[in-house]
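Structure first, then comments.
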Amino acid sequence: GESVGLHLPTLSVQEGDNSIINCAYSNSASDYFIWYKQESGKGPQFIIDIRSNMDKRQGQRVTVLLNKTVKHLSLQIAATQPGDSAVYFCAERSGTYKYIFGTGTRLKVLA
Amino acid sequence: DGGITQSPKYLFRKEGQNVTLSCEQNLNHDAMYWYRQDPGQGLRLIYYSQIVNDFQKGDIAEGYSVSREKKESFPLTVTSAQKNPTAFYLCASSKSGVGNEQFFGPGTRLTVL
């Protein structure tokens with residue numbers, strides 16, 4: 001498989017439990033944020049996004065929380081499933097075509 | 001099916017050779033991007049293009065070149081001037097405008113022998 005993802009922080013959760021993945025972003029002027037899921041050897045897959053004028057957004061089994069005061073973003077996955085195992089990373093839009101990407105967190109789902 | 005395709009999936013190059021990575025999208029997106037992904041690092045922007053016949057350098061453009069002759073296509077050439085080209089290369093596209101998500105291709109793994 002791909003070597004992307006080496007030395008990443010790892011979150012291990014039991015199947016069926018909720019997962020919370022955190023991200024600290026860098027630019028207080030960033031106005032748009034995205035969470036991506038990346039499986040080994042594949043391109044990133046969009047999960048959910050949020051604009052800076054919101055503090056919470058919900059999707060199917062996923063919720064993103066934005067705390068602009070401390071420049072923190074979190075992704076909550078409800079009822080985590082084996083298929084959720086992947087690397088998750090956040091992205092912030094700090095310019096019209098400028099995105100800053102986090103290094104990612106590896107999520108391992110334990111059966 | 002709408003989406004972004006990249007080819008080849010795996011590419012091997014000898015030192016001193018130029019190679020071109022293909023990226024095609026049929027999403028009718030104006031903007032296209034090339035990123036490099038290395039272990040333990042976030043994606044780094046190589047080049048981006050807002051519109052046909054226009055492109056801009058990203059954070060790590062040295063040793064790379066691009067062209068945007070068609071809306072659907074944004075090929076990346078890795079030249080011999082790139083000192084450490086072994087990496088996973090990702091192409092993305094997005095609609096123009098504020099807050100539009102980037103859609104990523106499946107990536108090309110380039111290895112220099």
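Chain labels follow the order of the structure tokens: the first chain is A, the next B, and so on; residue numbering restarts at 1 in every chain, and ligands are counted from 1 in their shown order.
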
Hey, could you make a per-residue contact list for chain A against chain B with 8 Å as the cut-off, showing the nearest pair of atoms and its distance in Å to one decimal, counting only C-alpha atoms, sorted by chain and number, as CSV?
```
residue,atom,partner,partner_atom,distance
A:Ser3,CA,B:Pro39,CA,6.1
A:Val4,CA,B:Pro39,CA,4.4
A:Gly5,CA,B:Pro39,CA,5.6
A:Leu6,CA,B:Pro39,CA,5.6
A:His7,CA,B:Gly40,CA,5.9
A:Leu8,CA,B:Gly40,CA,6.1
A:Asp31,CA,B:Gly99,CA,7.6
A:Tyr32,CA,B:Gly99,CA,5.7
A:Ile34,CA,B:Glu101,CA,7.4
A:Gly41,CA,B:Gly107,CA,7.7
A:Lys42,CA,B:Pro106,CA,5.0
A:Gly43,CA,B:Pro106,CA,4.2
A:Pro44,CA,B:Phe104,CA,6.0
A:Gln45,CA,B:Phe104,CA,6.9
A:Phe46,CA,B:Phe103,CA,7.2
A:Asp49,CA,B:Glu101,CA,7.8
A:Arg51,CA,B:Gly99,CA,7.4
A:Arg93,CA,B:Gly99,CA,7.5
A:Thr96,CA,B:Val98,CA,6.9
A:Tyr97,CA,B:Tyr48,CA,7.8
A:Ile100,CA,B:Leu43,CA,7.6
A:Phe101,CA,B:Gly42,CA,5.1
A:Gly102,CA,B:Gly42,CA,5.0
A:Thr103,CA,B:Gly42,CA,4.2
A:Gly104,CA,B:Gly42,CA,7.3
```

Atoms kept (N, CA and C atoms) for selection, written as a short mmCIF file (atom, residue, chain, number, x, y, z; two decimals), in the first residue's frame:
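Contents of part-v5.cif, as written:
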```cif
data_model
loop_
_atom_site.label_atom_id
_atom_site.label_comp_id
_atom_site.auth_asym_id
_atom_site.auth_seq_id
_atom_site.Cartn_x
_atom_site.Cartn_y
_atom_site.Cartn_z
N SER A 3 2.67 4.70 1.21
CA SER A 3 3.38 5.06 2.43
C SER A 3 2.80 6.32 3.06
N VAL A 4 1.85 6.97 2.38
CA VAL A 4 1.22 8.13 2.98
C VAL A 4 0.53 7.70 4.27
N GLY A 5 0.73 8.43 5.30
CA GLY A 5 0.07 8.08 6.54
C GLY A 5 1.02 7.56 7.59
N LEU A 6 2.29 7.36 7.23
CA LEU A 6 3.26 6.96 8.23
C LEU A 6 3.39 8.05 9.27
N HIS A 7 3.61 7.67 10.53
CA HIS A 7 3.88 8.59 11.62
C HIS A 7 2.71 9.50 11.92
N LEU A 8 1.51 9.14 11.54
CA LEU A 8 0.36 9.95 11.86
C LEU A 8 -0.18 9.57 13.22
N ASP A 31 -12.19 31.02 5.67
CA ASP A 31 -13.64 31.18 5.65
C ASP A 31 -14.40 29.91 5.30
N TYR A 32 -13.68 28.84 5.05
CA TYR A 32 -14.35 27.62 4.60
C TYR A 32 -13.46 26.44 4.98
N ILE A 34 -13.08 21.97 5.18
CA ILE A 34 -13.53 20.68 4.63
C ILE A 34 -12.86 19.55 5.40
N GLY A 41 -3.72 4.39 -0.74
CA GLY A 41 -3.54 4.31 -2.17
C GLY A 41 -4.60 5.00 -3.00
N LYS A 42 -5.48 5.76 -2.35
CA LYS A 42 -6.56 6.43 -3.07
C LYS A 42 -6.52 7.94 -2.86
N GLY A 43 -7.27 8.65 -3.68
CA GLY A 43 -7.38 10.08 -3.50
C GLY A 43 -8.32 10.44 -2.37
N PRO A 44 -8.19 11.63 -1.79
CA PRO A 44 -9.09 12.06 -0.72
C PRO A 44 -10.54 12.14 -1.19
N GLN A 45 -11.44 11.81 -0.28
CA GLN A 45 -12.86 11.82 -0.57
C GLN A 45 -13.54 12.83 0.34
N PHE A 46 -14.32 13.72 -0.23
CA PHE A 46 -15.04 14.73 0.55
C PHE A 46 -16.01 14.07 1.53
N ASP A 49 -18.40 19.75 4.79
CA ASP A 49 -17.77 21.06 4.83
C ASP A 49 -18.56 21.98 5.74
N ARG A 51 -18.89 26.47 6.54
CA ARG A 51 -18.42 27.84 6.33
C ARG A 51 -18.17 28.51 7.67
N ARG A 93 -9.68 26.97 3.80
CA ARG A 93 -9.50 27.82 2.63
C ARG A 93 -9.04 29.18 3.11
N THR A 96 -8.58 32.56 -2.23
CA THR A 96 -9.54 32.13 -3.25
C THR A 96 -9.23 30.73 -3.78
N TYR A 97 -7.98 30.48 -4.04
CA TYR A 97 -7.59 29.16 -4.54
C TYR A 97 -6.52 28.53 -3.65
N ILE A 100 -5.09 25.05 2.85
CA ILE A 100 -4.05 24.51 3.73
C ILE A 100 -4.60 23.21 4.29
N PHE A 101 -3.81 22.15 4.13
CA PHE A 101 -4.26 20.82 4.54
C PHE A 101 -3.54 20.37 5.79
N GLY A 102 -4.27 19.75 6.69
CA GLY A 102 -3.66 19.14 7.86
C GLY A 102 -2.96 17.85 7.48
N THR A 103 -2.15 17.33 8.40
CA THR A 103 -1.39 16.12 8.13
C THR A 103 -2.24 14.86 8.28
N GLY A 104 -3.30 14.95 9.04
CA GLY A 104 -4.21 13.83 9.12
C GLY A 104 -4.12 13.01 10.39
#
```

* If you run DSSP over the backbone, which residues in chain B end up strand (DSSP E)? Put them as a PyMOL selection string. => chain B and resi 4-7+10-13+19-25+31-37+44-51+54-57+64-66+76-78+87-94+103-104+108-112

Residues at most 7 Å from Val62 of chain A, counting only C-alpha atoms, excluding those fewer than 3 positions away in the same chain, as a PDB file with all heavy atoms, in the first residue's frame?
```
ATOM      1  N   GLN A  58     -24.337  19.121  10.210  1.00  0.00           N
ATOM      2  CA  GLN A  58     -24.519  17.676  10.315  1.00  0.00           C
ATOM      3  C   GLN A  58     -24.753  17.060   8.956  1.00  0.00           C
ATOM      4  O   GLN A  58     -25.435  17.619   8.103  1.00  0.00           O
ATOM      5  CB  GLN A  58     -25.702  17.366  11.241  1.00  0.00           C
ATOM      6  CG  GLN A  58     -25.405  17.645  12.695  1.00  0.00           C
ATOM      7  CD  GLN A  58     -26.544  17.222  13.604  1.00  0.00           C
ATOM      8  OE1 GLN A  58     -27.608  17.820  13.551  1.00  0.00           O
ATOM      9  NE2 GLN A  58     -26.313  16.222  14.432  1.00  0.00           N
ATOM     10  N   GLY A  59     -24.175  15.871   8.790  1.00  0.00           N
ATOM     11  CA  GLY A  59     -24.439  15.090   7.598  1.00  0.00           C
ATOM     12  C   GLY A  59     -24.951  13.730   8.027  1.00  0.00           C
ATOM     13  O   GLY A  59     -25.414  13.562   9.155  1.00  0.00           O
ATOM     14  N   LEU A  75     -14.375  16.558  13.779  1.00  0.00           N
ATOM     15  CA  LEU A  75     -15.248  15.685  12.996  1.00  0.00           C
ATOM     16  C   LEU A  75     -15.743  14.589  13.921  1.00  0.00           C
ATOM     17  O   LEU A  75     -14.938  13.878  14.529  1.00  0.00           O
ATOM     18  CB  LEU A  75     -14.499  15.077  11.818  1.00  0.00           C
ATOM     19  CG  LEU A  75     -15.273  14.060  10.982  1.00  0.00           C
ATOM     20  CD1 LEU A  75     -16.373  14.765  10.185  1.00  0.00           C
ATOM     21  CD2 LEU A  75     -14.340  13.293  10.043  1.00  0.00           C
ATOM     22  N   GLN A  76     -17.040  14.461  14.045  1.00  0.00           N
ATOM     23  CA  GLN A  76     -17.620  13.400  14.852  1.00  0.00           C
ATOM     24  C   GLN A  76     -18.281  12.393  13.930  1.00  0.00           C
ATOM     25  O   GLN A  76     -19.061  12.773  13.064  1.00  0.00           O
ATOM     26  CB  GLN A  76     -18.644  13.981  15.833  1.00  0.00           C
ATOM     27  CG  GLN A  76     -18.043  15.006  16.773  1.00  0.00           C
ATOM     28  CD  GLN A  76     -19.068  15.618  17.710  1.00  0.00           C
ATOM     29  OE1 GLN A  76     -20.247  15.277  17.688  1.00  0.00           O
ATOM     30  NE2 GLN A  76     -18.622  16.544  18.542  1.00  0.00           N
ATOM     31  N   ILE A  77     -17.950  11.130  14.125  1.00  0.00           N
ATOM     32  CA  ILE A  77     -18.542  10.046  13.353  1.00  0.00           C
ATOM     33  C   ILE A  77     -19.346   9.189  14.313  1.00  0.00           C
ATOM     34  O   ILE A  77     -18.807   8.650  15.287  1.00  0.00           O
ATOM     35  CB  ILE A  77     -17.470   9.191  12.656  1.00  0.00           C
ATOM     36  CG1 ILE A  77     -16.576  10.058  11.764  1.00  0.00           C
ATOM     37  CG2 ILE A  77     -18.135   8.084  11.819  1.00  0.00           C
ATOM     38  CD1 ILE A  77     -15.398   9.315  11.160  1.00  0.00           C
ATOM     39  N   ALA A  78     -20.622   9.077  14.050  1.00  0.00           N
ATOM     40  CA  ALA A  78     -21.490   8.282  14.916  1.00  0.00           C
ATOM     41  C   ALA A  78     -21.473   6.812  14.495  1.00  0.00           C
ATOM     42  O   ALA A  78     -21.370   6.494  13.304  1.00  0.00           O
ATOM     43  CB  ALA A  78     -22.910   8.825  14.853  1.00  0.00           C
TER      44      ALA A  78
END
```

Residues near Gly16 of chain A, anyone? I mean within 9 Å using only C-alpha atoms, not counting same-chain ones fewer than 4 positions away, as a compact mmCIF listing (two decimals) with all heavy atoms, in the first residue's frame.
```
# COMPACT_ATOMS: atom_id res chain seq x y z
N ALA A 78 -20.62 9.08 14.05
CA ALA A 78 -21.49 8.28 14.92
C ALA A 78 -21.47 6.81 14.49
O ALA A 78 -21.37 6.49 13.30
CB ALA A 78 -22.91 8.83 14.85
N ALA A 79 -21.56 5.94 15.50
CA ALA A 79 -21.66 4.50 15.24
C ALA A 79 -20.61 4.05 14.24
O ALA A 79 -20.92 3.54 13.15
CB ALA A 79 -23.06 4.15 14.77
N THR A 80 -19.36 4.23 14.60
CA THR A 80 -18.24 3.97 13.69
C THR A 80 -18.26 2.53 13.17
O THR A 80 -18.47 1.58 13.92
CB THR A 80 -16.91 4.25 14.41
OG1 THR A 80 -16.98 5.52 15.04
CG2 THR A 80 -15.76 4.28 13.41
N GLN A 81 -18.01 2.40 11.88
CA GLN A 81 -18.05 1.11 11.20
C GLN A 81 -16.67 0.75 10.66
O GLN A 81 -15.84 1.63 10.44
CB GLN A 81 -19.05 1.18 10.04
CG GLN A 81 -20.46 1.55 10.46
CD GLN A 81 -21.35 1.89 9.27
OE1 GLN A 81 -20.91 1.86 8.12
NE2 GLN A 81 -22.60 2.19 9.56
N VAL A 109 -10.74 1.12 13.29
CA VAL A 109 -11.96 0.63 13.91
C VAL A 109 -11.74 -0.82 14.32
O VAL A 109 -11.41 -1.67 13.48
CB VAL A 109 -13.16 0.74 12.94
CG1 VAL A 109 -14.42 0.23 13.62
CG2 VAL A 109 -13.32 2.18 12.49
N ALA A 111 -12.90 -4.42 15.71
CA ALA A 111 -14.11 -5.25 15.67
C ALA A 111 -14.47 -5.78 17.05
O ALA A 111 -13.61 -5.93 17.91
CB ALA A 111 -13.89 -6.41 14.72
```

* Asked: Which residues, written as an MDAnalysis selection string, have at least one atom at most 8 Å from segment 24-27 of chain B, with only C-alpha atoms counted and residues fewer than 4 positions away on the same chain left out?
  -> chainID B and resid 2:6 72:74 93

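Using only C-alpha atoms, the nearest neighbour of Asp55 of chain A within the list A:Tyr25, A:Tyr88, A:Phe33, A:Tyr99 is A:Phe33.
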
* Asked: Which residue out of A:Thr69, A:Thr10, A:Asn53, A:Ser30 has the minimum interatomic distance to Val87 of chain A when only C-alpha atoms are used?
  -> A:Thr10
